[in-house]
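Novice: You'll find work_4.txt just under this line, and it carries compact mmCIF, C-alpha atoms.
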```
# COMPACT_ATOMS: atom_id res chain seq x y z
CA MET A 1 -3.38 -15.78 -14.85
CA ALA A 2 -0.94 -18.05 -13.04
CA THR A 3 -0.05 -17.76 -9.38
CA ARG A 4 2.72 -19.20 -7.32
CA ARG A 5 3.07 -19.91 -3.64
CA VAL A 6 5.79 -17.84 -2.00
CA THR A 7 8.36 -20.09 -0.36
CA THR A 8 10.75 -18.43 2.03
CA ARG A 9 14.46 -18.90 2.33
CA GLY A 10 16.94 -18.02 5.03
CA HIS A 11 18.16 -14.46 5.40
CA ASP A 12 20.97 -13.09 7.47
CA PRO A 13 19.43 -10.75 10.10
CA SER A 14 21.68 -7.88 9.08
CA GLU A 15 20.45 -8.27 5.50
CA ARG A 16 16.83 -8.08 6.67
CA VAL A 17 17.54 -4.83 8.52
CA ALA A 18 19.28 -3.43 5.46
CA GLU A 19 16.31 -4.39 3.28
CA ALA A 20 13.88 -2.69 5.60
CA GLU A 21 15.93 0.46 5.98
CA ASN A 22 17.22 0.70 2.42
CA GLY A 23 14.76 -1.21 0.28
CA HIS A 24 13.62 2.03 -1.29
CA ALA A 25 16.41 4.37 -0.24
CA LYS A 26 18.90 3.15 -2.82
CA ASP A 27 21.57 5.49 -4.10
CA GLY A 28 20.23 5.60 -7.64
CA LYS A 29 16.50 5.79 -6.84
CA ALA A 30 14.82 9.18 -6.93
CA ARG A 31 13.78 10.45 -3.51
CA PHE A 32 10.46 12.16 -2.89
CA ASP A 33 10.87 12.71 0.85
CA HIS A 34 9.91 16.37 0.51
CA ILE A 35 6.32 15.56 -0.51
CA TYR A 36 5.46 12.74 1.89
CA ASN A 37 4.80 14.81 5.00
CA GLN A 38 3.46 18.21 4.01
CA PRO A 39 0.48 19.94 5.66
CA ASP A 40 -1.74 18.95 2.72
CA PRO A 41 -1.58 16.57 -0.27
CA ARG A 42 -1.23 19.06 -3.12
CA PRO A 43 2.59 18.70 -3.51
CA TYR A 44 2.24 14.91 -3.28
CA PHE A 45 -0.26 14.59 -6.10
CA GLN A 46 1.20 17.32 -8.28
CA THR A 47 4.68 15.80 -8.11
CA LEU A 48 3.76 12.15 -8.58
CA GLU A 49 1.38 12.89 -11.44
CA GLN A 50 4.36 14.16 -13.44
CA PHE A 51 5.82 10.64 -13.37
CA GLY A 52 2.62 8.74 -14.02
CA TYR A 53 2.37 7.25 -10.53
CA GLU A 54 -0.39 4.67 -10.92
CA ILE A 55 -0.01 1.90 -8.33
CA PRO A 56 -2.95 3.16 -6.19
CA ALA A 57 -5.20 2.66 -9.22
CA HIS A 58 -4.08 -0.98 -9.46
CA GLY A 59 -4.62 -1.23 -5.71
CA GLN A 60 -8.15 0.11 -6.07
CA ALA A 61 -9.03 -2.62 -8.57
CA MET A 62 -7.41 -5.43 -6.59
CA PHE A 63 -8.57 -4.35 -3.13
CA THR A 64 -12.13 -3.84 -4.37
CA LEU A 65 -12.09 -7.41 -5.62
CA LEU A 66 -10.83 -8.69 -2.26
CA VAL A 67 -13.35 -6.63 -0.32
CA ALA A 68 -16.19 -8.06 -2.41
CA LYS A 69 -15.03 -11.56 -1.53
CA LEU A 70 -14.67 -10.77 2.17
CA LEU A 71 -18.11 -9.15 2.25
CA GLU A 72 -19.64 -12.49 1.37
CA GLU A 73 -19.18 -13.30 5.06
CA LYS A 74 -19.17 -9.85 6.72
CA ARG A 75 -21.14 -6.62 6.71
CA PRO A 76 -19.25 -3.53 5.44
CA GLU A 77 -19.30 -1.92 8.88
CA ASP A 78 -17.62 -5.03 10.30
CA LEU A 79 -14.80 -5.22 7.73
CA ALA A 80 -12.10 -2.92 9.09
CA VAL A 81 -9.30 -2.25 6.61
CA LEU A 82 -5.81 -1.21 7.70
CA ASP A 83 -3.67 0.63 5.15
CA LEU A 84 0.03 0.58 6.03
CA CYS A 85 2.12 3.53 4.83
CA CYS A 86 -1.22 5.22 4.21
CA SER A 87 0.19 8.67 3.41
CA TYR A 88 -2.69 11.11 2.82
CA GLY A 89 -5.27 8.31 2.78
CA VAL A 90 -5.12 7.63 -0.95
CA ASN A 91 -6.15 3.96 -0.73
CA ALA A 92 -8.91 4.79 1.73
CA THR A 93 -10.17 7.45 -0.67
CA LEU A 94 -10.28 5.07 -3.62
CA LEU A 95 -11.93 2.25 -1.67
CA ASN A 96 -14.69 4.28 -0.04
CA HIS A 97 -15.55 6.89 -2.68
CA ASP A 98 -16.80 6.98 -6.26
CA LEU A 99 -13.53 8.43 -7.50
CA THR A 100 -10.50 7.38 -9.53
CA LEU A 101 -6.84 8.25 -9.11
CA ASP A 102 -7.14 10.55 -12.12
CA ASP A 103 -9.95 12.37 -10.30
CA LEU A 104 -7.60 13.01 -7.39
CA TYR A 105 -4.84 14.27 -9.67
CA GLN A 106 -7.30 16.63 -11.31
CA ARG A 107 -8.60 17.89 -7.98
CA TYR A 108 -5.26 18.71 -6.43
CA ARG A 109 -3.94 20.60 -9.44
CA SER A 110 -7.18 22.57 -9.75
CA PRO A 111 -6.64 26.36 -9.79
CA GLU A 112 -9.73 26.73 -7.59
CA LEU A 113 -7.87 25.04 -4.72
CA ALA A 114 -4.49 26.67 -5.25
CA ASP A 115 -4.98 29.59 -2.86
CA LEU A 116 -6.65 27.71 -0.03
CA SER A 117 -4.74 27.22 3.21
CA SER A 118 -4.16 23.64 4.31
CA ARG A 119 -6.92 23.93 6.89
CA GLU A 120 -9.33 25.40 4.34
CA LEU A 121 -8.44 22.60 1.92
CA ALA A 122 -9.08 19.96 4.58
CA ASP A 123 -12.52 21.45 5.24
CA ASP A 124 -13.26 21.55 1.52
CA ASP A 125 -12.02 17.98 1.14
CA ALA A 126 -14.28 16.81 3.96
CA ARG A 127 -17.29 18.21 2.09
CA PHE A 128 -16.07 16.94 -1.28
CA TYR A 129 -15.41 13.38 -0.13
CA GLY A 130 -18.54 13.33 2.00
CA SER A 131 -20.63 13.95 -1.10
CA ARG A 132 -18.94 11.09 -2.98
CA ARG A 133 -18.76 8.48 -0.24
CA ARG A 134 -20.16 5.10 -1.14
CA ARG A 135 -23.38 3.99 0.50
CA SER A 136 -21.70 1.41 2.75
CA PRO A 137 -18.16 2.67 3.47
CA LEU A 138 -15.60 0.46 5.14
CA PRO A 139 -14.01 1.45 8.45
CA MET A 140 -10.54 2.60 7.32
CA LEU A 141 -7.48 2.69 9.56
CA GLY A 142 -4.17 4.13 8.46
CA ILE A 143 -0.64 3.99 9.84
CA ASP A 144 2.25 6.09 8.55
CA THR A 145 5.17 7.75 10.30
CA ALA A 146 4.36 10.94 8.32
CA ASP A 147 2.32 12.60 11.05
CA GLN A 148 1.10 15.55 8.98
CA ALA A 149 -0.09 13.30 6.15
CA VAL A 150 -1.98 10.98 8.49
CA GLY A 151 -3.42 13.92 10.38
CA TYR A 152 -4.67 15.46 7.17
CA ALA A 153 -6.36 12.24 6.07
CA ALA A 154 -8.16 12.02 9.41
CA ARG A 155 -9.25 15.69 9.33
CA ALA A 156 -10.62 15.24 5.80
CA GLY A 157 -12.69 12.29 7.01
CA LEU A 158 -10.81 9.67 4.98
CA LEU A 159 -9.60 7.64 7.96
CA ALA A 160 -11.66 6.53 10.93
CA VAL A 161 -8.37 6.08 12.79
CA GLY A 162 -4.98 7.48 11.83
CA SER A 163 -1.71 6.76 13.61
CA HIS A 164 1.89 7.84 13.06
CA GLU A 165 3.39 5.27 15.42
CA ASN A 166 6.54 3.64 14.08
CA LEU A 167 5.97 -0.11 14.35
CA GLU A 168 9.42 -0.82 12.97
CA THR A 169 10.90 0.31 16.27
CA ALA A 170 8.24 -0.28 18.94
CA ASP A 171 5.11 -2.25 19.73
CA PRO A 172 1.81 -0.45 19.16
CA SER A 173 0.44 1.61 22.00
CA GLU A 174 -2.51 0.19 23.91
CA SER A 175 -4.90 2.58 22.16
CA LEU A 176 -3.62 1.56 18.71
CA ARG A 177 -3.71 -2.11 19.70
CA ARG A 178 -7.41 -1.78 20.56
CA CYS A 179 -8.06 -0.19 17.14
CA LEU A 180 -6.23 -3.00 15.33
CA ALA A 181 -8.19 -5.77 17.03
CA GLY A 182 -10.44 -7.42 14.48
CA VAL A 183 -8.93 -5.88 11.32
CA GLY A 184 -9.99 -8.06 8.36
CA LEU A 185 -7.82 -6.74 5.52
CA ILE A 186 -4.36 -5.14 5.49
CA THR A 187 -3.27 -3.26 2.37
CA VAL A 188 0.05 -1.82 1.18
CA THR A 189 0.73 -0.16 -2.17
CA GLY A 190 3.95 1.81 -1.74
CA GLY A 191 5.48 0.85 1.57
CA ILE A 192 7.28 -2.48 1.19
CA GLY A 193 10.93 -1.66 1.70
CA TYR A 194 10.12 1.21 4.03
CA ILE A 195 8.47 -1.22 6.43
CA SER A 196 9.68 -4.74 7.08
CA GLU A 197 8.49 -7.97 8.64
CA ARG A 198 8.81 -6.27 12.06
CA THR A 199 5.80 -4.05 11.36
CA PHE A 200 3.74 -6.96 10.03
CA ASP A 201 4.60 -9.10 13.03
CA ARG A 202 3.48 -6.39 15.47
CA VAL A 203 0.31 -5.68 13.53
CA LEU A 204 -0.66 -9.37 13.30
CA GLN A 205 -0.09 -9.84 17.01
CA ALA A 206 -2.41 -6.90 17.69
CA THR A 207 -5.22 -7.97 15.35
CA GLY A 208 -5.79 -11.18 17.25
CA GLY A 209 -6.86 -12.99 14.10
CA THR A 210 -5.83 -13.89 10.55
CA PRO A 211 -6.64 -10.91 8.35
CA TRP A 212 -5.90 -11.07 4.66
CA VAL A 213 -2.74 -9.16 3.71
CA ALA A 214 -2.55 -7.63 0.22
CA SER A 215 0.72 -5.97 -0.83
CA PHE A 216 2.34 -4.51 -3.91
CA ALA A 217 6.15 -4.59 -3.80
CA LEU A 218 8.67 -3.38 -6.36
CA ARG A 219 10.39 -6.27 -8.08
CA TRP A 220 13.78 -5.48 -6.61
CA VAL A 221 12.52 -5.66 -3.00
CA SER A 222 12.40 -9.18 -1.51
CA TYR A 223 9.06 -10.11 0.07
CA ASP A 224 10.43 -13.35 1.54
CA PRO A 225 11.03 -12.08 5.10
CA ILE A 226 7.47 -10.71 5.28
CA ALA A 227 5.97 -13.91 3.84
CA SER A 228 7.91 -15.89 6.44
CA VAL A 229 6.46 -13.86 9.31
CA LEU A 230 2.96 -14.06 7.86
CA ASP A 231 3.36 -17.83 7.63
CA LYS A 232 4.06 -17.94 11.37
CA HIS A 233 0.73 -16.17 11.88
CA GLY A 234 -1.14 -18.79 9.83
CA LEU A 235 -1.20 -17.00 6.47
CA VAL A 236 -0.16 -18.55 3.16
CA THR A 237 1.29 -16.12 0.61
CA GLU A 238 0.66 -16.30 -3.13
CA THR A 239 1.75 -13.97 -5.91
CA LEU A 240 0.50 -13.50 -9.45
CA ALA A 241 3.26 -15.19 -11.39
CA THR A 242 2.54 -13.95 -14.89
CA ARG A 243 1.59 -10.35 -14.26
CA THR A 244 3.30 -7.31 -12.79
CA PHE A 245 1.89 -3.86 -12.13
CA PRO A 246 3.54 -0.65 -13.37
CA GLN A 247 4.22 1.87 -10.62
CA ARG A 248 5.67 5.04 -12.20
CA ARG A 249 8.06 6.29 -14.85
CA PHE A 250 11.71 6.76 -14.01
CA THR A 251 12.56 10.35 -13.28
CA ASP A 252 15.53 10.39 -15.66
CA GLU A 253 17.96 8.19 -17.56
CA ALA A 254 20.29 7.93 -14.56
CA GLU A 255 17.55 6.36 -12.43
CA ARG A 256 16.62 4.00 -15.26
CA ALA A 257 20.23 2.87 -15.72
CA TYR A 258 20.63 2.31 -11.99
CA VAL A 259 17.45 0.22 -11.75
CA LEU A 260 18.40 -1.93 -14.74
CA ALA A 261 21.81 -2.56 -13.21
CA GLU A 262 20.25 -3.53 -9.88
CA LEU A 263 17.80 -5.90 -11.55
CA ALA A 264 20.63 -7.50 -13.51
CA ARG A 265 22.59 -7.93 -10.27
CA ILE A 266 19.77 -9.94 -8.67
CA GLY A 267 18.90 -11.84 -11.84
CA ILE A 268 15.57 -10.26 -12.80
CA ASP A 269 14.84 -9.77 -16.49
CA PRO A 270 13.60 -6.19 -17.16
CA ALA A 271 12.49 -6.86 -20.75
CA GLY A 272 9.10 -5.35 -21.50
CA LYS A 273 8.90 -3.85 -18.03
CA GLU A 274 11.60 -1.68 -16.42
CA ALA A 275 13.50 -1.68 -19.72
CA LYS A 276 10.59 0.30 -21.16
CA GLY A 277 10.99 3.01 -18.53
CA ARG A 278 8.69 2.19 -15.60
CA TYR A 279 9.05 0.55 -12.22
CA HIS A 280 7.04 -2.65 -11.91
CA ALA A 281 5.64 -4.33 -8.79
CA HIS A 282 4.53 -7.83 -7.85
CA PHE A 283 1.22 -8.40 -6.06
CA TYR A 284 1.17 -10.66 -3.00
CA LEU A 285 -1.88 -11.98 -1.16
CA SER A 286 -1.67 -13.82 2.16
CA ARG A 287 -4.67 -15.73 3.57
CA PRO A 288 -5.43 -18.75 5.74
CA ALA A 289 -4.65 -22.00 3.93
CA ALA A 290 -8.33 -22.99 3.74
CA HIS A 291 -9.16 -19.86 1.73
CA VAL A 292 -6.20 -20.45 -0.60
CA LYS A 293 -7.32 -24.02 -1.22
CA GLN A 294 -10.93 -23.02 -1.80
CA LEU A 295 -10.12 -20.17 -4.21
CA PRO A 296 -6.51 -19.74 -5.37
CA LEU A 297 -5.39 -16.22 -6.20
CA GLU A 298 -5.30 -17.09 -9.90
CA GLU A 299 -9.04 -17.72 -9.87
CA LEU A 300 -9.83 -14.88 -7.48
CA ALA A 301 -8.04 -12.38 -9.72
CA ALA A 302 -9.49 -13.71 -12.96
CA GLY A 303 -11.99 -10.87 -13.04
CA LEU A 304 -9.36 -8.15 -13.17
```
Reformat the file's structure so that it appears as structure tokens.
Specialist:
Amino acid sequence: MATRRVTTRGHDPSERVAEAENGHAKDGKARFDHIYNQPDPRPYFQTLEQFGYEIPAHGQAMFTLLVAKLLEEKRPEDLAVLDLCCSYGVNATLLNHDLTLDDLYQRYRSPELADLSSRELADDDARFYGSRRRRSPLPMLGIDTADQAVGYAARAGLLAVGSHENLETADPSESLRRCLAGVGLITVTGGIGYISERTFDRVLQATGGTPWVASFALRWVSYDPIASVLDKHGLVTETLATRTFPQRRFTDEAERAYVLAELARIGIDPAGKEAKGRYHAHFYLSRPAAHVKQLPLEELAAGL
């Protein structure tokens, strides 16, 4: 499985702002805004399951691999993980519990949960996840501007710390900065394009170290500005060059046609990927140069 080092190129500042604000909010891309900040996650899972949303499952496999490597030098209780654009704590759930994404889809469409209030569901979730938590769970932090989603994840016991501060527009508060100090791994599965290099810069300044940064980004969203900022913080970015990760099916033919046109415009071949009806994402991993030299991503990911 080949990897390549991400080399950055110059970007006009106005283009970077446009990427951050519109990387996902393109005219032809389906919008799911109505499910991202509800009082509980049932609409989120029920809607996305219809389109085969699977990127958190790929994240579970990749992040578990990275955690195992990081735990060679740290105890689980000392490896704090920050999930950016954490939503209802999906990545935290999959990292810390003996569950799969399909298990979550099955749970949140279950008739037994349909009549529960959001508060009752949160209480039931706390018991459910508590009974399936792994023996040595990782301290999970989550940031997302969707305050109800983050609040739910914290109430259900999925996040040790949840914040809805918008780091695109302001520095973290002092309380959030204290929580971010010492974070060892930063994960993103569905947020690149909603957040930009501004968020990463503020987070890295607050951590006070060089955490690994693991991100999935749709192929039409440039990761160059983020890689450039991470480089300034002492992190070298690699990507798996010969593999992409399916995200979800297109909602209809109009979305498919729009995506294919956009990919053609920026010179990306959709054959075997988007042309077959699904979004695809690249995986990026940023680490200190010494770690990259010792174990390139190609070798690290060989076990996937």
Novice: Using all atoms listed in the file, can you tell me which of A:Glu112, A:Pro246, A:Ala146, A:Ala206 comes closest to Glu174 in chain A?
Specialist: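 Of all the options, A:Ala206 lies closest to Glu174 in chain A.
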Novice: Quick one: residues within 6 Å of Ala126 in chain A, all atoms listed in the file counted, chain neighbours fewer than 3 positions away excluded, as an MDAnalysis selection string?
Specialist: chainID A and resid 123 129:130 156:157
Novice: Could you save the residues just selected, with C-alpha atoms, as a compact mmCIF listing (two decimals), in the coordinates of the input?
Specialist:
```txt
# COMPACT_ATOMS: atom_id res chain seq x y z
CA ASP A 123 -12.52 21.45 5.24
CA TYR A 129 -15.41 13.38 -0.13
CA GLY A 130 -18.54 13.33 2.00
CA ALA A 156 -10.62 15.24 5.80
CA GLY A 157 -12.69 12.29 7.01
```
Novice: Which is closer to Gly89 in chain A than all the others in A:Tyr36, A:Phe51, A:Phe245, A:Phe216, using all atoms listed in the file?
Specialist: A:Tyr36
Novice: Between A:Leu141, A:Ile195, A:Ala289, A:Val188, which residue has the minimum interatomic distance to Leu84 in chain A, considering only C-alpha atoms?
Specialist: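 Selected residue with least distance to Leu84 in chain A: A:Val188.
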Novice: Quick one: distance from CA of His280 in chain A to CA of Gln247 in chain A in Å, one decimal?
Specialist: 5.5 Å
Novice: Around the point (-3.1, -0.7, 11.0) (coordinates from the file), which residues reach within 10 Å if we count only C-alpha atoms? Answer as a PyMOL selection string.
Specialist: chain A and resi 80-86+140-144+161-163+165+167+172+176-177+179-181+183+185-187+199-200+202-204+206-207
